[in-house]
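Right, one structure below, let's go through it.
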2 protein chains.
Amino acid sequence: MDNRQKVTIKDVAREAGCGIATASRVLNKSGPASPEVRARVETAAQDLGFSFSALGRALQGGRSMTIGCLVPSLANPVFAEAVQGVQETLAGTGYQLLIASSNYDGEADNEAIATLAAKEVDGLIVTMVAPERSAALKQARQRGLPVSLMFHDPIDGFLTAHVDNFEAAREVARRFADLGHRQTAFLALRFSTSDRSRNRYAGFHAGCRARGMPDPALIELGEAEANTPELLAAILAAHQGLTAIFASNDFLAIAVQKAARLMGKSVPRDLSVVGFDGIEIGRLLDVPLATIETAPDAMGRQAAQTLLDMMQGNPGVQRPPLPFDFRAGATLAPPRTKSRDDDQVRPRPPSVHSLKTDLKQG
Amino acid sequence: MDNRQKVTIKDVAREAGCGIATASRVLNKSGPASPEVRARVETAAQDLGFSFSALGRALQGGRSMTIGCLVPSLANPVFAEAVQGVQETLAGTGYQLLIASSNYDGEADNEAIATLAAKEVDGLIVTMVAPERSAALKQARQRGLPVSLMFHDPIDGFLTAHVDNFEAAREVARRFADLGHRQTAFLALRFSTSDRSRNRYAGFHAGCRARGMPDPALIELGEAEANTPELLAAILAAHQGLTAIFASNDFLAIAVQKAARLMGKSVPRDLSVVGFDGIEIGRLLDVPLATIETAPDAMGRQAAQTLLDMMQGNPGVQRPPLPFDFRAGATLAPPRTKSRDDDQVRPRPPSVHSLKTDLKQG
DNA sequence: TACCCGCGTGGAAACGTTTCCACATGAGTA
DNA sequence: TACTCATGTGGAAACGTTTCCACGCGGGTA
């Protein structure tokens with residue numbers, strides 16, 4: 001039952017009654033051959049159900065036609081979409097994708113890179129915890145492996161497909177300021193293992209400073225709190241007086257809304273929430289999420305394109321950051337004017353608004 | 001600059017002053033060697049920065065330690081999570097994942113399988129348009145390649161990790177019936193290219209019949225309508241009198257809510273919505289989505305485990321469907337009691353209900 | 001007639017492994 | 001002393017390709 005025998009080009013040559021070299025030339029259309037031999041080889045290949053072994057080819061040719069890709073996790077739609085973008089760009093080029101994921105573990109990161117390199121990939125597309133400090137990555141590059149980064153802000157000596165996290169986060173601060181918010185917080189998961197989160201915080205922080213707002217609170221969450229609205233609510237409750245929260249990704253921002261609801265707060269009346277990433281679903285929500293909209297698939301496509309360029313021998317050039325869009329959504333509003341009565345809303349006096357506007361323009 | 005020379009075991013042997021065979025034995029700990037030679041080889045390998053080429057190994061050993069995985073798209077979180085599950089199970093086994101995606105194209109499906117097979121993968125984990133009709137898949141299996149399916153309902157001769165789509169959908173019909181719904185619809189994207197959608201519809205249909213409800217309307221959407229709430233609203237508006245919608249996936253269900261809102265309908269008061277899949281985010285929504293909760297990552301893990309078993313020579317056995325859970329959420333309620341006032345529906349005379357029931361039973 | 005050239009063809013090396021086999025060397029036994 | 005045996009070692013084949021090179025053979029020119 002187990003018909004495990006492989007059909008090799010040798011078999012085809014024997015069947016066609018010619019030499020291996022000739023068979024190879026015919027099947028690859030890579031050299032001369034008389035019409036008769038050509039025909040014999042082709043029918044032989046057909047009959048035997050021959051197909052080339054990529055292994056033998058790779059070993060001989062020095063190119064595996066495989067490119068390695070490392071991302072933290074495919075469970076995060078942002079990375080999954082990016083990988084999908086990579087796939088789309090690679091489709092039709094003959095390259096296949098060898099995928100590894102590290103679960104945000106810097107150790108696993110390094111191992112994965114080493115394994116991919118051992119598999120003789122022709123290039124690497126990578127998002128990892130700390131590319132600038134990865135020995136394996138450095139070694140891979142020294143061996144001449146082209147490397148293309150995704151999501152990372154530019155690092156000396158690497159090309160990367162990214163958005164300007166700092167600038168985007170500063171934009172959020174500006175929006176908050178324009179609306180009159182002062183007490184804000186930045187919410188992040190895995191802050192320590194993500195340069196993206198750190199850069200977003202830095203930009204947000206700088207933006208707040210620039211507008212004369214108090215420094216934002218930095219709230220770092222564990223996996224558990226992020227997935228359990230009750231826990232998240234408890235944490236948020238500990239921070240008094242917040243009127244606006246900037247979450248490091250959309251997933252978190254949606255969780256915040258849920259938590260706010262548990263706390264009896266209304267979004268955006270009592271609390272404004274802005275996310276980051278612009279995942280598809282955010283737009284379809286009943287109350288569309290305000291967020292920095294980026295295009296993870298575009299990032300994947302750019303990273304793949306850059307890698308293709310490098311593999312063709314071009315030195316490659318760092319492209320400018322991909323554009324982001326501030327999507328207003330419906331989770332962002334001016335803070336409630338703190339009034340005497342109970343903790344319910346009341347319309348802001350128009351004067352306040354104009355005042356702020358003037359301030360902004362001055 | 002381009003230090004592209006590879007360090008092979010030959011180099012190590014020369015540096016250590018011994019034969020290739022000995023070097024191989026030492027580095028693999030696969031045979032005897034005197035302590036001195038052992039030491040010389042190890043330091044030589046260290047100094048030269050040697051690492052094995054998986055290519056040479058695969059060619060010689062007949063096993064590539066790579067398994068191929070084909071899914072329709074990584075942009076769909078359901079598949080992305082499944083692949084992540086596969087990764088998790090494979091981690092530590094030494095196997096790497098070669099990924100392909102087909103964009104729901106049956107043609108691309110076949111090509112991808114062929115390419116993966118050419119790369120000499122040791123096994124295949126597959127979700128495709130029509131596995132039972134794929135020539136490439138059949139051929140791969142005839143060559144002795146173990147194949148493990150994901151998401152597909154059982155197909156003759158294949159092992160699959162799946163949920164019972166039919167049964168789950170019937171459960172939805174039951175819930176609708178219990179609440180008193182009668183006019184329902186089934187909403188699907190790519191109905192024709194997905195056996196899952198078709199089975200869900202079949203189960204839903206059967207469930208409705210069994211409870212004496214009218215047959216559900218079948219609404220098939222294009223990509224554009226699914227992503228544009230306005231278009232979706234228009235389509236829904238064309239179907240008068242619907243009180244409950246069963247969407248073939250959560251993404252669609254969320255879009256329906258948005259569309260309902262555009263139509264001035266409130267969920268679940270005017271319209272109940274139930275999804276399928278149980279993606280993470282659905283639970284965090286302000287109004288949690290009612291859905292059939294499945295575990296895509298568990299599906300990936302089971303498929304991977306099955307494949308590992310098969311690769312170890314076990315014949316492998318079809319496991320029972322993975323469990324699903326009906327999550328009530330907050331988008332499901334009894335239909336509104338139809339009152340006189342505005343242009344809303346009006347109660348059907350009870351007689352009709354009994355009539356249908358009688359019809360079915362007769 | 002002798003020579004050259006182009007063309008179709010096949011042998012063989014190379015890619016990096018693993019592993020079978022044979023060869024030494026030394027110790028132990030008869 | 002002569003034999004066996006275990007042990008460490010290296011040569012070489014094999015895995016499936018591609019490609020360099022050489023060879024034979026025909027037709028053209030000198």
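How things are named: the first chain in the structure tokens is A, the next is B, and so on; residues count from 1 in each chain; ligands count from 1 in the order shown.
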Any chance you could dump chain A, least-squares fitted to chain B on all C-alpha atoms in order, as a tab-separated table (two decimals) with C-alpha atoms, in the first residue's frame?
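Saved to superposed21.tsv:
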```tsv
chain	number	residue	atom	x	y	z
A	1	MET	CA	31.92	42.52	5.00
A	2	ASP	CA	29.93	39.69	3.52
A	3	ASN	CA	31.23	36.77	5.49
A	4	ARG	CA	29.19	34.37	3.50
A	5	GLN	CA	31.36	31.31	3.84
A	6	LYS	CA	29.65	28.43	5.50
A	7	VAL	CA	31.30	26.30	8.11
A	8	THR	CA	30.81	22.66	7.24
A	9	ILE	CA	31.52	19.55	9.14
A	10	LYS	CA	34.50	19.09	6.89
A	11	ASP	CA	36.03	22.24	8.32
A	12	VAL	CA	35.42	21.00	11.82
A	13	ALA	CA	37.05	17.67	11.02
A	14	ARG	CA	40.10	19.35	9.53
A	15	GLU	CA	40.40	21.70	12.48
A	16	ALA	CA	40.10	18.82	14.91
A	17	GLY	CA	42.49	16.69	12.90
A	18	CYS	CA	40.14	13.79	12.43
A	19	GLY	CA	37.95	12.25	9.79
A	20	ILE	CA	34.56	13.55	8.78
A	21	ALA	CA	32.87	10.42	9.99
A	22	THR	CA	34.31	10.83	13.44
A	23	ALA	CA	33.29	14.46	13.65
A	24	SER	CA	29.77	13.52	12.65
A	25	ARG	CA	29.62	10.81	15.28
A	26	VAL	CA	30.83	13.13	17.99
A	27	LEU	CA	28.53	16.00	17.17
A	28	ASN	CA	25.55	13.71	16.87
A	29	LYS	CA	26.56	11.55	19.80
A	30	SER	CA	25.79	8.71	17.48
A	31	GLY	CA	28.81	6.52	17.93
A	32	PRO	CA	31.98	5.77	19.86
A	33	ALA	CA	34.85	8.20	20.14
A	34	SER	CA	37.81	8.53	22.44
A	35	PRO	CA	37.55	11.29	25.01
A	36	GLU	CA	40.40	13.25	23.46
A	37	VAL	CA	39.01	13.28	19.97
A	38	ARG	CA	35.62	14.09	21.36
A	39	ALA	CA	37.03	17.12	23.11
A	40	ARG	CA	38.98	18.29	20.06
A	41	VAL	CA	35.93	18.06	17.84
A	42	GLU	CA	33.74	19.87	20.28
A	43	THR	CA	36.05	22.79	20.76
A	44	ALA	CA	36.66	22.98	17.03
A	45	ALA	CA	32.93	23.16	16.37
A	46	GLN	CA	32.59	25.79	19.05
A	47	ASP	CA	35.45	27.91	17.72
A	48	LEU	CA	34.29	27.79	14.14
A	49	GLY	CA	30.69	28.46	15.04
A	50	PHE	CA	29.59	25.35	13.27
A	51	SER	CA	25.98	24.38	12.87
A	52	PHE	CA	24.56	21.57	10.83
A	53	SER	CA	23.01	22.22	7.47
A	54	ALA	CA	19.52	20.85	7.49
A	55	LEU	CA	19.79	20.60	3.74
A	56	GLY	CA	22.58	18.07	3.67
A	57	ARG	CA	20.89	16.14	6.40
A	58	ALA	CA	17.59	16.05	4.63
A	59	LEU	CA	19.13	14.96	1.38
A	60	GLN	CA	21.02	12.15	3.01
A	61	GLY	CA	18.46	11.07	5.53
A	62	GLY	CA	15.39	11.25	3.36
A	63	ARG	CA	13.57	13.32	5.95
A	64	SER	CA	13.44	17.10	5.81
A	65	MET	CA	11.88	17.58	9.23
A	66	THR	CA	9.60	20.05	7.58
A	67	ILE	CA	5.89	19.75	7.24
A	68	GLY	CA	3.87	21.67	4.70
A	69	CYS	CA	0.70	23.53	5.55
A	70	LEU	CA	-1.81	25.00	3.14
A	71	VAL	CA	-4.67	27.24	4.21
A	72	PRO	CA	-6.87	29.59	2.22
A	73	SER	CA	-5.68	32.73	3.97
A	74	LEU	CA	-3.99	33.84	7.14
A	75	ALA	CA	-6.05	37.01	7.12
A	76	ASN	CA	-8.95	34.93	8.35
A	77	PRO	CA	-8.44	34.51	12.09
A	78	VAL	CA	-9.99	31.08	12.01
A	79	PHE	CA	-7.20	29.71	9.88
A	80	ALA	CA	-4.54	31.76	11.57
A	81	GLU	CA	-5.55	30.29	14.91
A	82	ALA	CA	-5.56	26.81	13.47
A	83	VAL	CA	-2.05	27.27	12.14
A	84	GLN	CA	-1.04	28.56	15.52
A	85	GLY	CA	-2.44	25.35	16.98
A	86	VAL	CA	-0.41	23.34	14.53
A	87	GLN	CA	2.69	25.27	15.54
A	88	GLU	CA	2.08	24.57	19.18
A	89	THR	CA	1.81	20.87	18.62
A	90	LEU	CA	4.86	20.80	16.39
A	91	ALA	CA	6.99	22.82	18.78
A	92	GLY	CA	9.48	20.53	20.42
A	93	THR	CA	9.13	17.77	17.85
A	94	GLY	CA	11.83	19.27	15.68
A	95	TYR	CA	9.49	19.84	12.77
A	96	GLN	CA	9.21	23.20	11.10
A	97	LEU	CA	6.23	24.57	9.24
A	98	LEU	CA	6.35	25.53	5.59
A	99	ILE	CA	3.29	27.62	4.89
A	100	ALA	CA	1.39	28.37	1.75
A	101	SER	CA	-1.89	30.15	1.23
A	102	SER	CA	-4.14	30.06	-1.77
A	103	ASN	CA	-6.58	32.92	-1.37
A	104	TYR	CA	-9.44	30.51	-1.88
A	105	ASP	CA	-8.23	29.79	-5.38
A	106	GLY	CA	-8.51	26.16	-6.40
A	107	GLU	CA	-5.84	26.58	-9.01
A	108	ALA	CA	-3.36	28.12	-6.59
A	109	ASP	CA	-4.25	25.32	-4.20
A	110	ASN	CA	-2.93	22.71	-6.54
A	111	GLU	CA	0.20	24.58	-7.36
A	112	ALA	CA	0.94	25.12	-3.71
A	113	ILE	CA	0.61	21.44	-2.94
A	114	ALA	CA	2.97	20.61	-5.77
A	115	THR	CA	5.53	23.12	-4.58
A	116	LEU	CA	5.34	21.87	-1.03
A	117	ALA	CA	5.79	18.32	-2.23
A	118	ALA	CA	8.81	19.37	-4.28
A	119	LYS	CA	10.33	20.82	-1.16
A	120	GLU	CA	10.29	17.30	0.14
A	121	VAL	CA	8.10	17.96	3.15
A	122	ASP	CA	7.52	14.97	5.39
A	123	GLY	CA	3.81	15.55	5.67
A	124	LEU	CA	0.99	17.83	4.68
A	125	ILE	CA	-1.68	19.64	6.68
A	126	VAL	CA	-4.23	21.04	4.35
A	127	THR	CA	-7.36	23.10	4.03
A	128	MET	CA	-8.22	23.71	0.41
A	129	VAL	CA	-11.08	24.38	-1.92
A	130	ALA	CA	-11.63	20.86	-3.11
A	131	PRO	CA	-9.32	18.25	-1.61
A	132	GLU	CA	-11.36	15.43	-3.07
A	133	ARG	CA	-10.72	16.68	-6.57
A	134	SER	CA	-7.13	17.84	-6.27
A	135	ALA	CA	-4.80	16.00	-8.62
A	136	ALA	CA	-1.74	17.33	-6.85
A	137	LEU	CA	-2.97	16.10	-3.50
A	138	LYS	CA	-3.73	12.68	-4.89
A	139	GLN	CA	-0.30	12.49	-6.43
A	140	ALA	CA	1.36	13.53	-3.19
A	141	ARG	CA	-0.43	10.76	-1.38
A	142	GLN	CA	0.52	8.19	-3.96
A	143	ARG	CA	4.11	9.05	-3.33
A	144	GLY	CA	3.57	8.11	0.26
A	145	LEU	CA	3.21	11.57	1.77
A	146	PRO	CA	1.05	11.54	4.88
A	147	VAL	CA	-1.79	14.03	4.59
A	148	SER	CA	-3.94	15.44	7.34
A	149	LEU	CA	-6.94	17.65	6.64
A	150	MET	CA	-8.35	20.52	8.69
A	151	PHE	CA	-11.88	21.91	8.70
A	152	HIS	CA	-13.09	19.58	5.98
A	153	ASP	CA	-15.84	17.13	6.70
A	154	PRO	CA	-14.64	13.55	6.30
A	155	ILE	CA	-13.68	12.58	2.79
A	156	ASP	CA	-13.10	9.07	1.65
A	157	GLY	CA	-9.54	8.04	2.31
A	158	PHE	CA	-8.46	11.11	4.23
A	159	LEU	CA	-8.21	11.87	7.90
A	160	THR	CA	-9.55	15.21	8.97
A	161	ALA	CA	-9.86	17.37	12.06
A	162	HIS	CA	-13.26	18.95	11.87
A	163	VAL	CA	-16.47	19.92	13.55
A	164	ASP	CA	-19.73	18.51	12.40
A	165	ASN	CA	-20.85	21.46	10.35
A	166	PHE	CA	-24.12	19.87	9.40
A	167	GLU	CA	-25.05	19.02	12.96
A	168	ALA	CA	-23.99	22.38	14.31
A	169	ALA	CA	-26.05	24.20	11.72
A	170	ARG	CA	-29.01	22.00	12.52
A	171	GLU	CA	-28.65	23.05	16.11
A	172	VAL	CA	-29.01	26.65	15.04
A	173	ALA	CA	-32.22	25.81	13.21
A	174	ARG	CA	-33.48	24.11	16.33
A	175	ARG	CA	-32.77	27.20	18.40
A	176	PHE	CA	-34.53	29.39	15.91
A	177	ALA	CA	-37.49	27.07	15.90
A	178	ASP	CA	-37.68	26.95	19.67
A	179	LEU	CA	-37.94	30.70	19.77
A	180	GLY	CA	-40.63	30.77	17.15
A	181	HIS	CA	-38.76	32.03	14.14
A	182	ARG	CA	-39.99	30.99	10.73
A	183	GLN	CA	-38.57	33.30	8.12
A	184	THR	CA	-34.85	32.77	8.19
A	185	ALA	CA	-31.88	33.20	5.95
A	186	PHE	CA	-28.43	31.72	5.59
A	187	LEU	CA	-25.69	34.15	4.71
A	188	ALA	CA	-22.43	33.03	3.19
A	189	LEU	CA	-19.33	34.38	1.59
A	190	ARG	CA	-17.69	32.27	-1.10
A	191	PHE	CA	-20.39	29.67	-0.84
A	192	SER	CA	-19.24	27.92	-3.96
A	193	THR	CA	-15.65	27.45	-2.89
A	194	SER	CA	-16.29	26.24	0.62
A	195	ASP	CA	-17.59	22.82	1.45
A	196	ARG	CA	-17.94	24.06	5.00
A	197	SER	CA	-20.42	26.74	4.02
A	198	ARG	CA	-22.32	24.27	1.92
A	199	ASN	CA	-22.53	21.73	4.69
A	200	ARG	CA	-23.68	24.36	7.12
A	201	TYR	CA	-26.39	25.40	4.78
A	202	ALA	CA	-27.43	21.81	4.26
A	203	GLY	CA	-27.67	21.24	7.99
A	204	PHE	CA	-29.54	24.46	8.55
A	205	HIS	CA	-31.89	23.63	5.73
A	206	ALA	CA	-32.53	20.16	7.07
A	207	GLY	CA	-33.08	21.52	10.55
A	208	CYS	CA	-35.65	24.00	9.32
A	209	ARG	CA	-37.48	21.31	7.42
A	210	ALA	CA	-37.49	19.03	10.41
A	211	ARG	CA	-39.21	21.71	12.40
A	212	GLY	CA	-41.73	22.56	9.79
A	213	MET	CA	-40.25	25.92	8.98
A	214	PRO	CA	-40.14	27.32	5.49
A	215	ASP	CA	-36.86	26.75	3.68
A	216	PRO	CA	-34.32	29.38	4.62
A	217	ALA	CA	-33.30	31.94	2.06
A	218	LEU	CA	-29.78	31.47	0.79
A	219	ILE	CA	-27.92	34.75	0.47
A	220	GLU	CA	-24.51	34.59	-1.10
A	221	LEU	CA	-22.28	37.61	-0.71
A	222	GLY	CA	-19.32	38.96	-2.57
A	223	GLU	CA	-16.26	40.31	-0.87
A	224	ALA	CA	-17.45	43.87	-1.34
A	225	GLU	CA	-20.87	43.44	0.21
A	226	ALA	CA	-19.45	41.64	3.19
A	227	ASN	CA	-17.13	44.51	3.99
A	228	THR	CA	-19.50	47.36	3.32
A	229	PRO	CA	-22.38	47.52	5.76
A	230	GLU	CA	-24.36	49.82	3.46
A	231	LEU	CA	-24.32	47.30	0.64
A	232	LEU	CA	-25.15	44.51	3.00
A	233	ALA	CA	-28.09	46.47	4.37
A	234	ALA	CA	-29.44	46.96	0.88
A	235	ILE	CA	-29.28	43.24	0.23
A	236	LEU	CA	-30.96	42.36	3.48
A	237	ALA	CA	-33.67	44.93	2.84
A	238	ALA	CA	-34.56	43.06	-0.31
A	239	HIS	CA	-35.56	40.08	1.78
A	240	GLN	CA	-38.80	40.98	3.47
A	241	GLY	CA	-39.96	39.50	6.73
A	242	LEU	CA	-36.78	37.85	7.92
A	243	THR	CA	-36.65	37.49	11.67
A	244	ALA	CA	-33.46	35.49	12.05
A	245	ILE	CA	-30.23	35.23	10.16
A	246	PHE	CA	-27.63	32.52	10.38
A	247	ALA	CA	-24.30	33.77	9.12
A	248	SER	CA	-21.70	31.32	7.94
A	249	ASN	CA	-19.05	32.94	10.11
A	250	ASP	CA	-18.73	35.39	12.95
A	251	PHE	CA	-17.22	38.07	10.87
A	252	LEU	CA	-20.27	38.12	8.68
A	253	ALA	CA	-22.56	38.02	11.70
A	254	ILE	CA	-20.95	41.13	13.11
A	255	ALA	CA	-21.35	42.86	9.78
A	256	VAL	CA	-25.01	41.91	9.76
A	257	GLN	CA	-25.50	43.62	13.09
A	258	LYS	CA	-23.99	46.75	11.74
A	259	ALA	CA	-26.17	46.55	8.66
A	260	ALA	CA	-29.24	45.98	10.77
A	261	ARG	CA	-28.47	49.11	12.65
A	262	LEU	CA	-28.26	51.04	9.42
A	263	MET	CA	-31.66	49.70	8.51
A	264	GLY	CA	-33.08	50.98	11.75
A	265	LYS	CA	-33.57	47.49	13.06
A	266	SER	CA	-32.54	46.46	16.50
A	267	VAL	CA	-30.73	43.24	17.28
A	268	PRO	CA	-32.11	41.00	18.65
A	269	ARG	CA	-35.49	42.70	19.00
A	270	ASP	CA	-36.20	43.01	15.32
A	271	LEU	CA	-33.67	40.57	14.00
A	272	SER	CA	-31.83	37.68	15.56
A	273	VAL	CA	-28.31	36.94	14.39
A	274	VAL	CA	-26.23	33.85	14.92
A	275	GLY	CA	-22.70	33.34	13.70
A	276	PHE	CA	-20.29	30.45	13.34
A	277	ASP	CA	-16.75	29.89	14.63
A	278	GLY	CA	-16.71	31.55	18.02
A	279	ILE	CA	-13.83	33.90	17.46
A	280	GLU	CA	-12.47	35.39	20.62
A	281	ILE	CA	-13.60	38.90	20.00
A	282	GLY	CA	-17.25	37.96	19.65
A	283	ARG	CA	-17.41	37.27	23.33
A	284	LEU	CA	-15.98	40.62	24.28
A	285	LEU	CA	-18.45	42.62	22.27
A	286	ASP	CA	-20.81	44.96	23.98
A	287	VAL	CA	-23.63	42.75	22.80
A	288	PRO	CA	-22.02	39.33	22.79
A	289	LEU	CA	-22.57	37.45	19.60
A	290	ALA	CA	-24.66	34.31	19.57
A	291	THR	CA	-22.66	31.74	17.71
A	292	ILE	CA	-21.57	28.19	17.27
A	293	GLU	CA	-18.38	28.12	19.18
A	294	THR	CA	-15.65	25.98	17.73
A	295	ALA	CA	-11.99	25.83	18.58
A	296	PRO	CA	-9.84	26.42	15.52
A	297	ASP	CA	-6.65	26.01	17.51
A	298	ALA	CA	-7.86	22.64	18.72
A	299	MET	CA	-8.50	21.71	15.13
A	300	GLY	CA	-4.94	22.63	14.25
A	301	ARG	CA	-3.62	20.68	17.16
A	302	GLN	CA	-5.61	17.59	16.28
A	303	ALA	CA	-4.59	17.75	12.63
A	304	ALA	CA	-0.96	18.06	13.63
A	305	GLN	CA	-1.23	15.21	16.09
A	306	THR	CA	-2.83	13.00	13.51
A	307	LEU	CA	-0.06	13.79	11.08
A	308	LEU	CA	2.61	13.05	13.67
A	309	ASP	CA	0.97	9.69	14.26
A	310	MET	CA	0.90	8.91	10.57
A	311	MET	CA	4.51	9.88	10.17
A	312	GLN	CA	5.41	7.42	12.87
A	313	GLY	CA	3.92	4.71	10.78
A	314	ASN	CA	0.62	4.34	12.54
A	315	PRO	CA	-2.18	3.88	10.08
A	316	GLY	CA	-4.03	6.70	11.80
A	317	VAL	CA	-7.67	6.72	12.60
A	318	GLN	CA	-10.40	9.21	11.88
A	319	ARG	CA	-11.32	10.85	15.14
A	320	PRO	CA	-14.81	11.99	15.92
A	321	PRO	CA	-15.69	15.58	15.17
A	322	LEU	CA	-14.47	18.13	17.65
A	323	PRO	CA	-17.17	19.42	19.95
A	324	PHE	CA	-18.95	22.66	19.32
A	325	ASP	CA	-20.88	24.79	21.71
A	326	PHE	CA	-23.91	26.86	21.12
A	327	ARG	CA	-23.16	30.16	22.80
A	328	ALA	CA	-26.36	32.02	23.46
A	329	GLY	CA	-24.86	35.50	23.53
A	330	ALA	CA	-27.31	38.37	23.29
A	331	THR	CA	-28.15	38.56	19.63
A	332	LEU	CA	-30.82	35.91	19.69
A	333	ALA	CA	-34.39	36.41	20.87
A	334	PRO	CA	-37.91	35.44	19.92
A	335	PRO	CA	-39.27	37.21	16.87
A	336	ARG	CA	-41.35	40.24	17.45
A	337	THR	CA	-45.03	39.45	17.58
A	338	LYS	CA	-46.42	41.11	14.55
A	339	SER	CA	-48.83	43.61	15.91
A	340	ARG	CA	-51.22	46.03	14.40
A	341	ASP	CA	-49.64	49.30	15.37
A	342	ASP	CA	-46.47	50.71	13.98
A	343	ASP	CA	-43.36	48.69	13.55
A	344	GLN	CA	-42.36	49.00	17.16
A	345	VAL	CA	-42.18	46.17	19.60
A	346	ARG	CA	-44.61	45.09	22.16
A	347	PRO	CA	-44.40	42.32	24.72
A	348	ARG	CA	-45.40	38.96	23.44
A	349	PRO	CA	-48.40	37.42	25.15
A	350	PRO	CA	-47.12	34.64	27.38
A	351	SER	CA	-49.47	32.19	25.73
A	352	VAL	CA	-47.48	32.22	22.58
A	353	HIS	CA	-44.41	31.24	24.39
A	354	SER	CA	-45.97	28.34	26.22
A	355	LEU	CA	-47.55	27.17	23.06
A	356	LYS	CA	-44.23	26.98	21.33
A	357	THR	CA	-42.71	25.26	24.28
A	358	ASP	CA	-45.44	22.67	24.24
A	359	LEU	CA	-44.97	22.15	20.57
A	360	LYS	CA	-41.33	21.56	21.10
A	361	GLN	CA	-41.90	19.02	23.78
A	362	GLY	CA	-44.67	17.21	21.96
```
What residues in chain D lie within 9 Å of chain A, counting only C-alpha atoms (C1' of nucleotides), written as a PDB file with C-alpha atoms (C1' of nucleotides), in the first residue's frame?
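The resulting file, iface_23.pdb, is reproduced below:
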```
ATOM      1  C1'  DC D  15      20.667  10.792  -1.739  1.00  0.00           C
ATOM      2  C1'  DG D  16      18.707  14.013  -6.573  1.00  0.00           C
ATOM      3  C1'  DT D  17      20.007  17.621  -8.928  1.00  0.00           C
ATOM      4  C1'  DT D  18      22.714  20.802 -12.399  1.00  0.00           C
ATOM      5  C1'  DT D  19      26.448  21.797 -15.240  1.00  0.00           C
TER       6       DT D  19
END
```
Can you check which residues of stretch 6-154 of chain A DSSP gives as helix (DSSP H, G or I) on the backbone and send them as JSON, numbers by chain?
{"A": [9, 10, 11, 12, 13, 14, 15, 16, 20, 21, 22, 23, 24, 25, 26, 27, 28, 35, 36, 37, 38, 39, 40, 41, 42, 43, 44, 45, 46, 47, 48, 54, 55, 56, 57, 58, 59, 60, 61, 77, 78, 79, 80, 81, 82, 83, 84, 85, 86, 87, 88, 89, 90, 106, 107, 108, 109, 110, 111, 112, 113, 114, 115, 116, 117, 118, 131, 132, 133, 135, 136, 137, 138, 139, 140, 141, 142]}
Please give the complete set of residues from stretch 22-242 of chain B that DSSP, run on the backbone, assigns to strand (DSSP E or B), formatted as number ranges by chain.
B: 66-71, 96-101, 123-126, 147-150, 159-161, 163, 184-189, 217-221
Counting only C-alpha atoms (C1' of nucleotides), a student should be able to say which residues of chain C come within 12 Å of chain A; what is the right answer, written as a list in words?
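Putting it all together, I get DG6, DC7, DG8, DT9, DG10, DG11, DA12, DA13, DA14, DC15, DG16 and DT17 of chain C.
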